[in-house]
$ cat protein.tsv   # TSV, C-alpha atoms and all ligand atoms
chain	number	residue	atom	x	y	z
A	220	MET	CA	51.35	-42.20	-20.55
A	221	VAL	CA	52.57	-38.67	-19.76
A	222	PRO	CA	52.09	-37.84	-16.07
A	223	VAL	CA	49.74	-34.89	-15.43
A	224	GLN	CA	51.40	-32.11	-13.50
A	225	ALA	CA	49.46	-30.02	-11.04
A	226	GLN	CA	49.13	-26.43	-12.22
A	227	VAL	CA	50.59	-23.90	-9.81
A	228	LEU	CA	48.28	-20.89	-9.63
A	229	PRO	CA	49.77	-17.45	-8.96
A	230	THR	CA	49.15	-15.98	-5.53
A	231	GLY	CA	46.98	-12.89	-5.15
A	232	GLN	CA	50.02	-10.58	-5.18
A	233	GLU	CA	51.51	-12.14	-8.32
A	234	SER	CA	48.23	-12.17	-10.21
A	235	GLY	CA	47.29	-8.60	-9.25
A	236	ILE	CA	43.92	-9.84	-7.99
A	237	VAL	CA	42.97	-8.24	-4.72
A	238	PRO	CA	40.29	-10.15	-2.83
A	239	GLU	CA	37.34	-8.09	-1.70
A	240	LYS	CA	37.00	-7.35	2.00
A	241	ILE	CA	34.40	-9.44	3.81
A	242	ARG	CA	31.25	-7.36	3.91
A	243	ASP	CA	29.43	-6.57	7.15
A	244	GLY	CA	26.07	-7.08	5.49
A	245	ILE	CA	23.02	-4.88	5.10
A	246	ASP	CA	20.09	-5.49	7.44
A	247	LEU	CA	16.58	-4.99	6.19
A	248	GLN	CA	13.09	-6.24	6.88
A	249	VAL	CA	10.94	-7.91	4.27
A	250	ASN	CA	7.33	-8.74	5.14
A	251	GLY	CA	8.16	-8.50	8.84
A	252	GLU	CA	11.17	-10.86	8.67
A	253	HIS	CA	14.73	-9.74	9.27
A	254	TYR	CA	17.33	-10.44	6.56
A	255	ARG	CA	21.04	-9.66	6.19
A	256	HIS	CA	22.37	-9.24	2.67
A	257	THR	CA	26.11	-9.89	2.35
A	258	GLY	CA	26.26	-9.92	-1.44
A	259	ASP	CA	26.68	-7.04	-3.87
A	260	PRO	CA	25.33	-3.88	-2.18
A	261	GLN	CA	24.31	-2.53	-5.59
A	262	MET	CA	22.03	-5.50	-6.28
A	263	PRO	CA	18.57	-4.14	-7.13
A	264	LEU	CA	15.92	-5.00	-4.57
A	265	LEU	CA	13.82	-6.70	-7.27
A	266	TRP	CA	16.49	-9.37	-7.88
A	267	TYR	CA	17.07	-9.80	-4.16
A	268	LEU	CA	13.35	-10.46	-3.65
A	269	ARG	CA	12.95	-12.78	-6.61
A	270	ASP	CA	16.30	-14.60	-6.81
A	271	VAL	CA	17.46	-14.69	-3.19
A	272	LEU	CA	14.25	-14.69	-1.13
A	273	ARG	CA	12.18	-16.40	-3.86
A	274	LEU	CA	9.38	-13.86	-3.44
A	275	THR	CA	8.35	-13.86	-7.09
A	276	GLY	CA	5.13	-11.86	-6.81
A	277	THR	CA	6.94	-8.63	-7.62
A	278	LYS	CA	7.48	-8.56	-11.37
A	279	TYR	CA	10.04	-7.09	-13.77
A	280	GLY	CA	8.54	-4.37	-15.92
A	281	SER	CA	11.52	-2.49	-17.31
A	282	GLU	CA	14.97	-1.50	-16.15
A	283	TYR	CA	13.57	1.88	-15.09
A	284	GLY	CA	10.46	0.50	-13.37
A	285	GLU	CA	8.09	2.92	-15.00
A	286	ASN	CA	5.10	0.61	-15.55
A	287	GLY	CA	4.41	-0.34	-11.95
A	288	ALA	CA	4.92	-4.12	-12.18
A	289	ASP	CA	7.80	-4.01	-9.70
A	290	LEU	CA	6.22	-1.86	-6.98
A	291	VAL	CA	6.77	-2.67	-3.31
A	292	LEU	CA	6.02	-0.70	-0.16
A	293	LEU	CA	9.15	0.82	1.34
A	294	ASP	CA	8.43	2.20	4.80
A	295	GLY	CA	4.81	2.42	3.63
A	296	ASN	CA	5.37	4.18	0.30
A	297	ALA	CA	5.13	2.51	-3.11
A	298	VAL	CA	8.52	2.45	-4.86
A	299	SER	CA	9.98	0.61	-7.82
A	300	ALA	CA	12.03	-2.36	-6.62
A	301	ILE	CA	14.32	-2.40	-9.68
A	302	THR	CA	15.54	1.13	-8.96
A	303	GLN	CA	16.39	0.48	-5.29
A	304	PRO	CA	19.87	-0.90	-4.59
A	305	ILE	CA	20.04	-2.93	-1.39
A	306	ALA	CA	22.67	-0.47	-0.13
A	307	ALA	CA	19.92	2.16	0.17
A	308	LEU	CA	17.68	-0.08	2.26
A	309	ALA	CA	19.62	-0.56	5.49
A	310	GLY	CA	17.21	-0.55	8.41
A	311	LYS	CA	14.17	-0.11	6.17
A	312	ALA	CA	11.00	-2.19	5.97
A	313	VAL	CA	9.83	-3.63	2.67
A	314	VAL	CA	6.38	-5.12	2.09
A	315	THR	CA	5.78	-7.11	-1.08
A	316	VAL	CA	2.50	-8.43	-2.44
A	317	GLU	CA	3.18	-11.63	-0.47
A	318	GLY	CA	3.04	-9.55	2.73
A	319	LEU	CA	-0.36	-7.95	2.15
A	320	ALA	CA	-2.52	-10.78	3.48
A	321	ALA	CA	-2.88	-11.28	7.25
A	322	ALA	CA	-0.81	-13.97	8.99
A	323	ASP	CA	-3.86	-16.27	9.07
A	324	GLY	CA	-4.22	-16.01	5.30
A	325	THR	CA	-7.10	-13.52	5.27
A	326	LEU	CA	-6.69	-11.45	2.15
A	327	HIS	CA	-6.12	-7.73	2.31
A	328	PRO	CA	-9.43	-5.95	1.50
A	329	LEU	CA	-7.95	-4.72	-1.78
A	330	GLN	CA	-6.94	-8.26	-2.78
A	331	GLN	CA	-10.49	-9.40	-2.04
A	332	ALA	CA	-11.89	-6.49	-4.05
A	333	PHE	CA	-9.77	-7.51	-7.07
A	334	ILE	CA	-11.34	-10.96	-6.85
A	335	ASP	CA	-14.84	-9.60	-6.33
A	336	GLU	CA	-14.53	-7.29	-9.35
A	337	ASP	CA	-12.75	-9.89	-11.49
A	338	ALA	CA	-9.95	-7.37	-12.02
A	339	ILE	CA	-7.29	-9.97	-12.84
A	340	GLY	CA	-6.45	-11.06	-16.38
A	341	CYS	CA	-3.13	-12.87	-16.84
A	342	GLY	CA	-2.12	-11.52	-13.44
A	343	TYR	CA	1.31	-10.16	-14.41
A	344	CYS	CA	0.43	-6.59	-13.49
A	345	THR	CA	-1.75	-7.46	-10.48
A	346	PRO	CA	0.89	-7.37	-7.68
A	347	GLY	CA	1.95	-3.91	-8.81
A	348	TRP	CA	-1.64	-2.65	-8.91
A	349	LEU	CA	-2.25	-4.02	-5.41
A	350	ILE	CA	0.80	-2.27	-3.97
A	351	ALA	CA	-0.03	0.97	-5.79
A	352	GLY	CA	-3.65	0.69	-4.66
A	353	VAL	CA	-2.74	0.13	-1.01
A	354	ASP	CA	-0.47	3.18	-1.17
A	355	LEU	CA	-3.19	5.25	-2.87
A	356	LEU	CA	-5.85	4.26	-0.32
A	357	ARG	CA	-3.49	5.25	2.49
A	358	ARG	CA	-2.90	8.67	0.92
A	359	LYS	CA	-6.46	9.17	-0.31
A	360	PRO	CA	-9.06	6.94	1.36
A	361	HIS	CA	-11.74	7.68	-1.29
A	362	PRO	CA	-9.96	8.05	-4.62
A	363	GLY	CA	-11.76	8.92	-7.84
A	364	ASP	CA	-11.07	7.62	-11.35
A	365	ALA	CA	-8.57	10.43	-11.99
A	366	ASP	CA	-6.54	9.44	-8.91
A	367	ILE	CA	-6.47	5.82	-10.01
A	368	ASP	CA	-5.55	6.73	-13.58
A	369	GLN	CA	-2.51	8.61	-12.28
A	370	LEU	CA	-0.97	5.40	-10.90
A	371	PRO	CA	2.02	4.28	-12.96
A	372	ASN	CA	0.62	0.79	-13.57
A	373	LEU	CA	-0.15	-0.58	-16.99
A	374	CYS	CA	-2.27	-3.61	-17.86
A	375	ARG	CA	-1.88	-5.24	-21.25
A	376	CYS	CA	-4.96	-7.38	-20.63
A	377	GLY	CA	-7.21	-4.33	-20.51
A	378	CYS	CA	-8.31	-4.63	-16.87
A	379	GLN	CA	-8.07	-0.92	-16.04
A	380	THR	CA	-11.83	-0.39	-15.78
A	381	ARG	CA	-12.22	-3.33	-13.41
A	382	VAL	CA	-9.16	-2.22	-11.43
A	383	ARG	CA	-10.83	1.15	-10.94
A	384	ARG	CA	-13.95	-0.60	-9.64
A	385	ALA	CA	-11.89	-2.82	-7.33
A	386	ILE	CA	-10.01	0.08	-5.76
A	387	LYS	CA	-13.25	2.00	-5.26
A	388	ARG	CA	-14.92	-1.12	-3.87
A	389	ALA	CA	-12.15	-1.49	-1.27
A	390	ALA	CA	-12.42	2.23	-0.49
A	391	ALA	CA	-16.14	1.81	0.14
A	392	GLY	CA	-15.44	-1.06	2.53
A	393	LYS	CA	-17.37	-3.55	0.39
A	394	ALA	CA	-14.45	-5.82	-0.34
A	395	ALA	CA	-15.58	-8.73	1.78
A	396	LEU	CA	-19.32	-8.54	1.02
A	397	PRO	CA	-20.92	-11.35	-1.01
A	401	LIG	S1	-3.85	-8.76	-16.06
A	401	LIG	FE1	-2.49	-9.21	-17.69
A	401	LIG	S2	-1.21	-7.45	-17.81
A	401	LIG	FE2	-2.74	-6.93	-16.40
$ encode --input "protein.tsv" --output "C-alpha cells" --more "lines below"
Ligand code: FES
Amino acid sequence: MVPVQAQVLPTGQESGIVPEKIRDGIDLQVNGEHYRHTGDPQMPLLWYLRDVLRLTGTKYGSEYGENGADLVLLDGNAVSAITQPIAALAGKAVVTVEGLAAADGTLHPLQQAFIDEDAIGCGYCTPGWLIAGVDLLRRKPHPGDADIDQLPNLCRCGCQTRVRRAIKRAAAGKAALP
C-alpha cells in the first residue's frame, strides 16, 4: 500500500490570499433586542432577519422590494428590507411583523382588525400589509381608500377590499370589538 502524504498548503503570502480583517461588528436593534452583526456588512436586512435571526414573517417579494412583502419599520418608517444593507443600519431600530404585538401577546389593533375583517388569504402578503398599515396610520390616522391604494403592497389572493376595511376598522378604533 502506498503511504498517503500530507498535503502542504501554501501560506497566505505564497497563495496571494489575504485574510480579511476581523470586523468590529454593526450594532442594531430588532424588535427591542440588541444584536451585533459581524458578517458581511452588505448583507441585505431581509436575509439577516430570515436566515440569521430566524424572523421569517418578513417575506421576499423581489430583489427591488417593490411589492411590499418585505416591509419593516426602520426608526418608525416602512422600508423594504431587501434594499437595506446591514451597513446602513448601525444604531437604528428595526421592527418586524413579529414585533407588532405587545409583550403579553396582545395583538396590535391592526392585526386584530385583519382577523376581524378576514383580510388574510394565503398570508404571504399579510406581514407587509401590516407594516405598511401601521406606518400609514401613524402618518394619517384616518386614511381613505385612495391612501390605502397608494401603499406598495400587492395581494395575489385578492384581499385588497378586505385589507381596506381592516385598515379603516383599526383607524376607527373598532379592532377589538366583537
Ligand atoms: S393573502 Fe395571499 S397574497 Fe395576499
$ residues_near_ligand --input "protein.tsv" --ligand "ligand LIG 401 (chain A)" --cutoff "10 Å" --atoms "all atoms listed in the file" --output "ChimeraX atom specification"
/A:288,338-348,372-379,382
$ write_last_selection --input "protein.tsv" --atoms "C-alpha atoms" --output "mmCIF file, in the frame of the given file"
data_model
loop_
_atom_site.group_PDB
_atom_site.id
_atom_site.type_symbol
_atom_site.label_atom_id
_atom_site.label_comp_id
_atom_site.auth_asym_id
_atom_site.auth_seq_id
_atom_site.Cartn_x
_atom_site.Cartn_y
_atom_site.Cartn_z
ATOM 1 C CA ALA A 288 4.920 -4.120 -12.180
ATOM 2 C CA ALA A 338 -9.950 -7.370 -12.020
ATOM 3 C CA ILE A 339 -7.290 -9.970 -12.840
ATOM 4 C CA GLY A 340 -6.450 -11.060 -16.380
ATOM 5 C CA CYS A 341 -3.130 -12.870 -16.840
ATOM 6 C CA GLY A 342 -2.120 -11.520 -13.440
ATOM 7 C CA TYR A 343 1.310 -10.160 -14.410
ATOM 8 C CA CYS A 344 0.430 -6.590 -13.490
ATOM 9 C CA THR A 345 -1.750 -7.460 -10.480
ATOM 10 C CA PRO A 346 0.890 -7.370 -7.680
ATOM 11 C CA GLY A 347 1.950 -3.910 -8.810
ATOM 12 C CA TRP A 348 -1.640 -2.650 -8.910
ATOM 13 C CA ASN A 372 0.620 0.790 -13.570
ATOM 14 C CA LEU A 373 -0.150 -0.580 -16.990
ATOM 15 C CA CYS A 374 -2.270 -3.610 -17.860
ATOM 16 C CA ARG A 375 -1.880 -5.240 -21.250
ATOM 17 C CA CYS A 376 -4.960 -7.380 -20.630
ATOM 18 C CA GLY A 377 -7.210 -4.330 -20.510
ATOM 19 C CA CYS A 378 -8.310 -4.630 -16.870
ATOM 20 C CA GLN A 379 -8.070 -0.920 -16.040
ATOM 21 C CA VAL A 382 -9.160 -2.220 -11.430
#
$ closest_residue --input "protein.tsv" --among "A:Gly392, A:Gly318, A:Pro362, A:Gly295" --to "Val249 (chain A)" --atoms "all atoms listed in the file"
A:Gly318
$ residues_around --input "protein.tsv" --residues "Asp354 (chain A)" --least-positions-apart "2" --cutoff "8 Å" --atoms "all atoms listed in the file" --output "VMD selection string"
chain A and resid 292 295 to 297 350 to 352 356 to 358
$ atom_distance --input "protein.tsv" --atom1 "CA of Leu308 (chain A)" --atom2 "CA of Met262 (chain A)"
11.0 Å
$ closest_residue --input "protein.tsv" --among "A:Ala306, A:Val353, A:Ile386, A:Leu370" --to "Asp337 (chain A)" --atoms "only C-alpha atoms"
A:Ile386
$ residues_near_point --input "protein.tsv" --point "(9.5, -14.0, -4.1)" --cutoff "12 Å" --atoms "all atoms listed in the file" --output "ChimeraX atom specification"
/A:249-250,264-279,289,291,314-318,346
$ residues_near_point --input "protein.tsv" --point "(15.8, 3.9, -0.6)" --cutoff "12 Å" --atoms "all atoms listed in the file" --output "list in words"
Leu247, Gln261, Pro263, Leu264, Val291, Leu292, Leu293, Asp294, Gly295, Asn296, Ala297, Val298, Ser299, Ala300, Ile301, Thr302, Gln303, Pro304, Ile305, Ala306, Ala307, Leu308, Ala309, Gly310, Lys311, Ala312 and Val313 of chain A
$ write_last_selection --input "protein.tsv" --atoms "C-alpha atoms" --output "mmCIF file, in the coordinates of the input"
data_model
loop_
_atom_site.group_PDB
_atom_site.id
_atom_site.type_symbol
_atom_site.label_atom_id
_atom_site.label_comp_id
_atom_site.auth_asym_id
_atom_site.auth_seq_id
_atom_site.Cartn_x
_atom_site.Cartn_y
_atom_site.Cartn_z
ATOM 1 C CA LEU A 247 16.580 -4.990 6.190
ATOM 2 C CA GLN A 261 24.310 -2.530 -5.590
ATOM 3 C CA PRO A 263 18.570 -4.140 -7.130
ATOM 4 C CA LEU A 264 15.920 -5.000 -4.570
ATOM 5 C CA VAL A 291 6.770 -2.670 -3.310
ATOM 6 C CA LEU A 292 6.020 -0.700 -0.160
ATOM 7 C CA LEU A 293 9.150 0.820 1.340
ATOM 8 C CA ASP A 294 8.430 2.200 4.800
ATOM 9 C CA GLY A 295 4.810 2.420 3.630
ATOM 10 C CA ASN A 296 5.370 4.180 0.300
ATOM 11 C CA ALA A 297 5.130 2.510 -3.110
ATOM 12 C CA VAL A 298 8.520 2.450 -4.860
ATOM 13 C CA SER A 299 9.980 0.610 -7.820
ATOM 14 C CA ALA A 300 12.030 -2.360 -6.620
ATOM 15 C CA ILE A 301 14.320 -2.400 -9.680
ATOM 16 C CA THR A 302 15.540 1.130 -8.960
ATOM 17 C CA GLN A 303 16.390 0.480 -5.290
ATOM 18 C CA PRO A 304 19.870 -0.900 -4.590
ATOM 19 C CA ILE A 305 20.040 -2.930 -1.390
ATOM 20 C CA ALA A 306 22.670 -0.470 -0.130
ATOM 21 C CA ALA A 307 19.920 2.160 0.170
ATOM 22 C CA LEU A 308 17.680 -0.080 2.260
ATOM 23 C CA ALA A 309 19.620 -0.560 5.490
ATOM 24 C CA GLY A 310 17.210 -0.550 8.410
ATOM 25 C CA LYS A 311 14.170 -0.110 6.170
ATOM 26 C CA ALA A 312 11.000 -2.190 5.970
ATOM 27 C CA VAL A 313 9.830 -3.630 2.670
#
$ atom_distance --input "protein.tsv" --atom1 "CA of Leu329 (chain A)" --atom2 "CA of His253 (chain A)"
25.7 Å
$ atom_distance --input "protein.tsv" --atom1 "CA of Asp335 (chain A)" --atom2 "CA of Thr380 (chain A)"
13.5 Å
$ residues_around --input "protein.tsv" --residues "Gly363 (chain A)" --least-positions-apart "6" --cutoff "10 Å" --atoms "only C-alpha atoms" --output "PDB file with C-alpha atoms, in the coordinates of the input"
ATOM      1  CA  ARG A 383     -10.830   1.150 -10.940  1.00  0.00           C
ATOM      2  CA  ARG A 384     -13.950  -0.600  -9.640  1.00  0.00           C
ATOM      3  CA  ILE A 386     -10.010   0.080  -5.760  1.00  0.00           C
ATOM      4  CA  LYS A 387     -13.250   2.000  -5.260  1.00  0.00           C
ATOM      5  CA  ALA A 390     -12.420   2.230  -0.490  1.00  0.00           C
TER       6      ALA A 390
END
$ closest_residue --input "protein.tsv" --among "A:Ile241, A:Ala320, A:Leu326, A:Leu290" --to "Pro371 (chain A)" --atoms "only C-alpha atoms"
A:Leu290
$ closest_residue --input "protein.tsv" --among "A:Glu336, A:Glu285, A:Asp243, A:Asp368" --to "Arg255 (chain A)" --atoms "all atoms listed in the file"
A:Asp243
$ closest_residue --input "protein.tsv" --among "A:Ala365, A:Ala332, A:Leu349, A:Leu319" --to "Gly251 (chain A)" --atoms "only C-alpha atoms"
A:Leu319
$ decode --input "protein.tsv" --residues "region 228-360 of chain A" --atoms "C-alpha atoms" --output "mmCIF file, in the first residue's frame"
data_model
loop_
_atom_site.group_PDB
_atom_site.id
_atom_site.type_symbol
_atom_site.label_atom_id
_atom_site.label_comp_id
_atom_site.auth_asym_id
_atom_site.auth_seq_id
_atom_site.Cartn_x
_atom_site.Cartn_y
_atom_site.Cartn_z
ATOM 1 C CA LEU A 228 -0.832 24.061 1.810
ATOM 2 C CA PRO A 229 0.751 27.351 0.742
ATOM 3 C CA THR A 230 0.844 30.099 3.335
ATOM 4 C CA GLY A 231 -1.210 33.252 2.848
ATOM 5 C CA GLN A 232 1.742 35.110 1.320
ATOM 6 C CA GLU A 233 2.561 32.326 -1.148
ATOM 7 C CA SER A 234 -1.041 31.821 -2.205
ATOM 8 C CA GLY A 235 -1.776 35.540 -2.598
ATOM 9 C CA ILE A 236 -4.809 35.163 -0.333
ATOM 10 C CA VAL A 237 -5.065 37.999 2.136
ATOM 11 C CA PRO A 238 -7.291 37.204 5.111
ATOM 12 C CA GLU A 239 -9.951 39.771 5.850
ATOM 13 C CA LYS A 240 -9.521 41.932 8.938
ATOM 14 C CA ILE A 241 -11.682 40.935 11.893
ATOM 15 C CA ARG A 242 -14.752 43.135 11.750
ATOM 16 C CA ASP A 243 -15.871 45.270 14.681
ATOM 17 C CA GLY A 244 -19.499 44.420 14.040
ATOM 18 C CA ILE A 245 -22.570 46.518 13.388
ATOM 19 C CA ASP A 246 -24.949 47.112 16.285
ATOM 20 C CA LEU A 247 -28.645 47.360 15.634
ATOM 21 C CA GLN A 248 -31.910 46.769 17.427
ATOM 22 C CA VAL A 249 -34.552 44.373 16.169
ATOM 23 C CA ASN A 250 -37.897 44.247 17.967
ATOM 24 C CA GLY A 251 -36.319 45.855 21.025
ATOM 25 C CA GLU A 252 -33.403 43.392 21.255
ATOM 26 C CA HIS A 253 -29.796 44.371 20.653
ATOM 27 C CA TYR A 254 -27.813 42.455 18.016
ATOM 28 C CA ARG A 255 -24.264 42.734 16.663
ATOM 29 C CA HIS A 256 -23.691 41.620 13.089
ATOM 30 C CA THR A 257 -20.100 40.602 12.349
ATOM 31 C CA GLY A 258 -20.727 39.074 8.940
ATOM 32 C CA ASP A 259 -20.838 40.720 5.526
ATOM 33 C CA PRO A 260 -21.819 44.380 6.024
ATOM 34 C CA GLN A 261 -23.531 44.357 2.622
ATOM 35 C CA MET A 262 -25.889 41.549 3.637
ATOM 36 C CA PRO A 263 -29.458 42.727 2.986
ATOM 37 C CA LEU A 264 -31.513 43.161 6.134
ATOM 38 C CA LEU A 265 -34.118 40.714 4.798
ATOM 39 C CA TRP A 266 -31.628 37.811 4.817
ATOM 40 C CA TYR A 267 -30.283 38.835 8.211
ATOM 41 C CA LEU A 268 -33.812 38.730 9.645
ATOM 42 C CA ARG A 269 -34.809 35.473 7.992
ATOM 43 C CA ASP A 270 -31.568 33.458 7.910
ATOM 44 C CA VAL A 271 -29.686 34.713 10.964
ATOM 45 C CA LEU A 272 -32.399 35.779 13.427
ATOM 46 C CA ARG A 273 -34.985 33.302 12.060
ATOM 47 C CA LEU A 274 -37.641 36.017 11.951
ATOM 48 C CA THR A 275 -39.404 34.661 8.884
ATOM 49 C CA GLY A 276 -42.507 36.851 8.944
ATOM 50 C CA THR A 277 -40.918 39.352 6.574
ATOM 51 C CA LYS A 278 -41.161 37.892 3.082
ATOM 52 C CA TYR A 279 -39.167 38.088 -0.147
ATOM 53 C CA GLY A 280 -41.088 39.855 -2.881
ATOM 54 C CA SER A 281 -38.466 40.796 -5.446
ATOM 55 C CA GLU A 282 -34.852 41.882 -5.467
ATOM 56 C CA TYR A 283 -36.020 45.512 -5.603
ATOM 57 C CA GLY A 284 -38.697 45.163 -2.917
ATOM 58 C CA GLU A 285 -41.367 46.930 -4.893
ATOM 59 C CA ASN A 286 -44.394 44.836 -3.887
ATOM 60 C CA GLY A 287 -44.323 45.434 -0.148
ATOM 61 C CA ALA A 288 -43.855 41.843 1.060
ATOM 62 C CA ASP A 289 -40.523 42.697 2.693
ATOM 63 C CA LEU A 290 -41.516 45.858 4.560
ATOM 64 C CA VAL A 291 -40.223 46.522 8.067
ATOM 65 C CA LEU A 292 -40.314 49.617 10.244
ATOM 66 C CA LEU A 293 -36.946 51.354 10.380
ATOM 67 C CA ASP A 294 -36.940 54.040 13.068
ATOM 68 C CA GLY A 295 -40.721 54.069 12.621
ATOM 69 C CA ASN A 296 -40.867 54.326 8.820
ATOM 70 C CA ALA A 297 -41.807 51.474 6.480
ATOM 71 C CA VAL A 298 -38.852 50.458 4.296
ATOM 72 C CA SER A 299 -38.027 47.494 2.097
ATOM 73 C CA ALA A 300 -35.754 45.083 3.976
ATOM 74 C CA ILE A 301 -34.153 43.663 0.820
ATOM 75 C CA THR A 302 -32.826 47.077 -0.188
ATOM 76 C CA GLN A 303 -31.229 47.862 3.192
ATOM 77 C CA PRO A 304 -27.671 46.594 3.710
ATOM 78 C CA ILE A 305 -26.834 45.984 7.360
ATOM 79 C CA ALA A 306 -24.011 48.528 6.994
ATOM 80 C CA ALA A 307 -26.652 51.270 6.735
ATOM 81 C CA LEU A 308 -28.408 50.220 9.938
ATOM 82 C CA ALA A 309 -25.833 50.900 12.656
ATOM 83 C CA GLY A 310 -27.592 52.248 15.729
ATOM 84 C CA LYS A 311 -31.034 52.009 14.120
ATOM 85 C CA ALA A 312 -34.169 50.280 15.378
ATOM 86 C CA VAL A 313 -35.985 47.751 13.231
ATOM 87 C CA VAL A 314 -39.473 46.429 13.964
ATOM 88 C CA THR A 315 -40.707 43.406 12.041
ATOM 89 C CA VAL A 316 -44.189 41.929 11.984
ATOM 90 C CA GLU A 317 -43.106 39.716 14.905
ATOM 91 C CA GLY A 318 -42.587 42.890 16.957
ATOM 92 C CA LEU A 319 -46.045 44.402 16.441
ATOM 93 C CA ALA A 320 -47.865 42.501 19.190
ATOM 94 C CA ALA A 321 -47.438 43.554 22.833
ATOM 95 C CA ALA A 322 -45.045 41.618 25.076
ATOM 96 C CA ASP A 323 -48.006 39.781 26.653
ATOM 97 C CA GLY A 324 -49.131 38.561 23.237
ATOM 98 C CA THR A 325 -51.965 41.063 22.761
ATOM 99 C CA LEU A 326 -52.219 41.697 19.056
ATOM 100 C CA HIS A 327 -51.647 45.122 17.594
ATOM 101 C CA PRO A 328 -55.057 46.695 16.785
ATOM 102 C CA LEU A 329 -54.297 46.408 13.080
ATOM 103 C CA GLN A 330 -53.500 42.692 13.411
ATOM 104 C CA GLN A 331 -56.814 42.222 15.213
ATOM 105 C CA ALA A 332 -58.609 44.204 12.509
ATOM 106 C CA PHE A 333 -57.158 41.919 9.803
ATOM 107 C CA ILE A 334 -58.630 38.963 11.690
ATOM 108 C CA ASP A 335 -61.956 40.694 12.280
ATOM 109 C CA GLU A 336 -62.284 41.593 8.586
ATOM 110 C CA ASP A 337 -60.979 38.226 7.373
ATOM 111 C CA ALA A 338 -58.354 40.105 5.354
ATOM 112 C CA ILE A 339 -55.911 37.190 5.154
ATOM 113 C CA GLY A 340 -55.814 34.735 2.266
ATOM 114 C CA CYS A 341 -52.657 32.630 1.946
ATOM 115 C CA GLY A 342 -50.972 35.131 4.251
ATOM 116 C CA TYR A 343 -47.824 35.718 2.188
ATOM 117 C CA CYS A 344 -48.506 39.423 1.739
ATOM 118 C CA THR A 345 -50.018 39.982 5.203
ATOM 119 C CA PRO A 346 -46.859 40.957 7.168
ATOM 120 C CA GLY A 347 -46.067 43.602 4.563
ATOM 121 C CA TRP A 348 -49.608 44.998 4.659
ATOM 122 C CA LEU A 349 -49.472 45.172 8.459
ATOM 123 C CA ILE A 350 -46.193 47.098 8.463
ATOM 124 C CA ALA A 351 -47.397 49.417 5.689
ATOM 125 C CA GLY A 352 -50.710 49.887 7.503
ATOM 126 C CA VAL A 353 -49.058 50.744 10.824
ATOM 127 C CA ASP A 354 -46.882 53.296 9.017
ATOM 128 C CA LEU A 355 -49.907 54.737 7.186
ATOM 129 C CA LEU A 356 -51.981 55.046 10.379
ATOM 130 C CA ARG A 357 -49.089 56.869 12.046
ATOM 131 C CA ARG A 358 -48.848 59.335 9.153
ATOM 132 C CA LYS A 359 -52.588 59.594 8.528
ATOM 133 C CA PRO A 360 -54.779 58.411 11.415
#
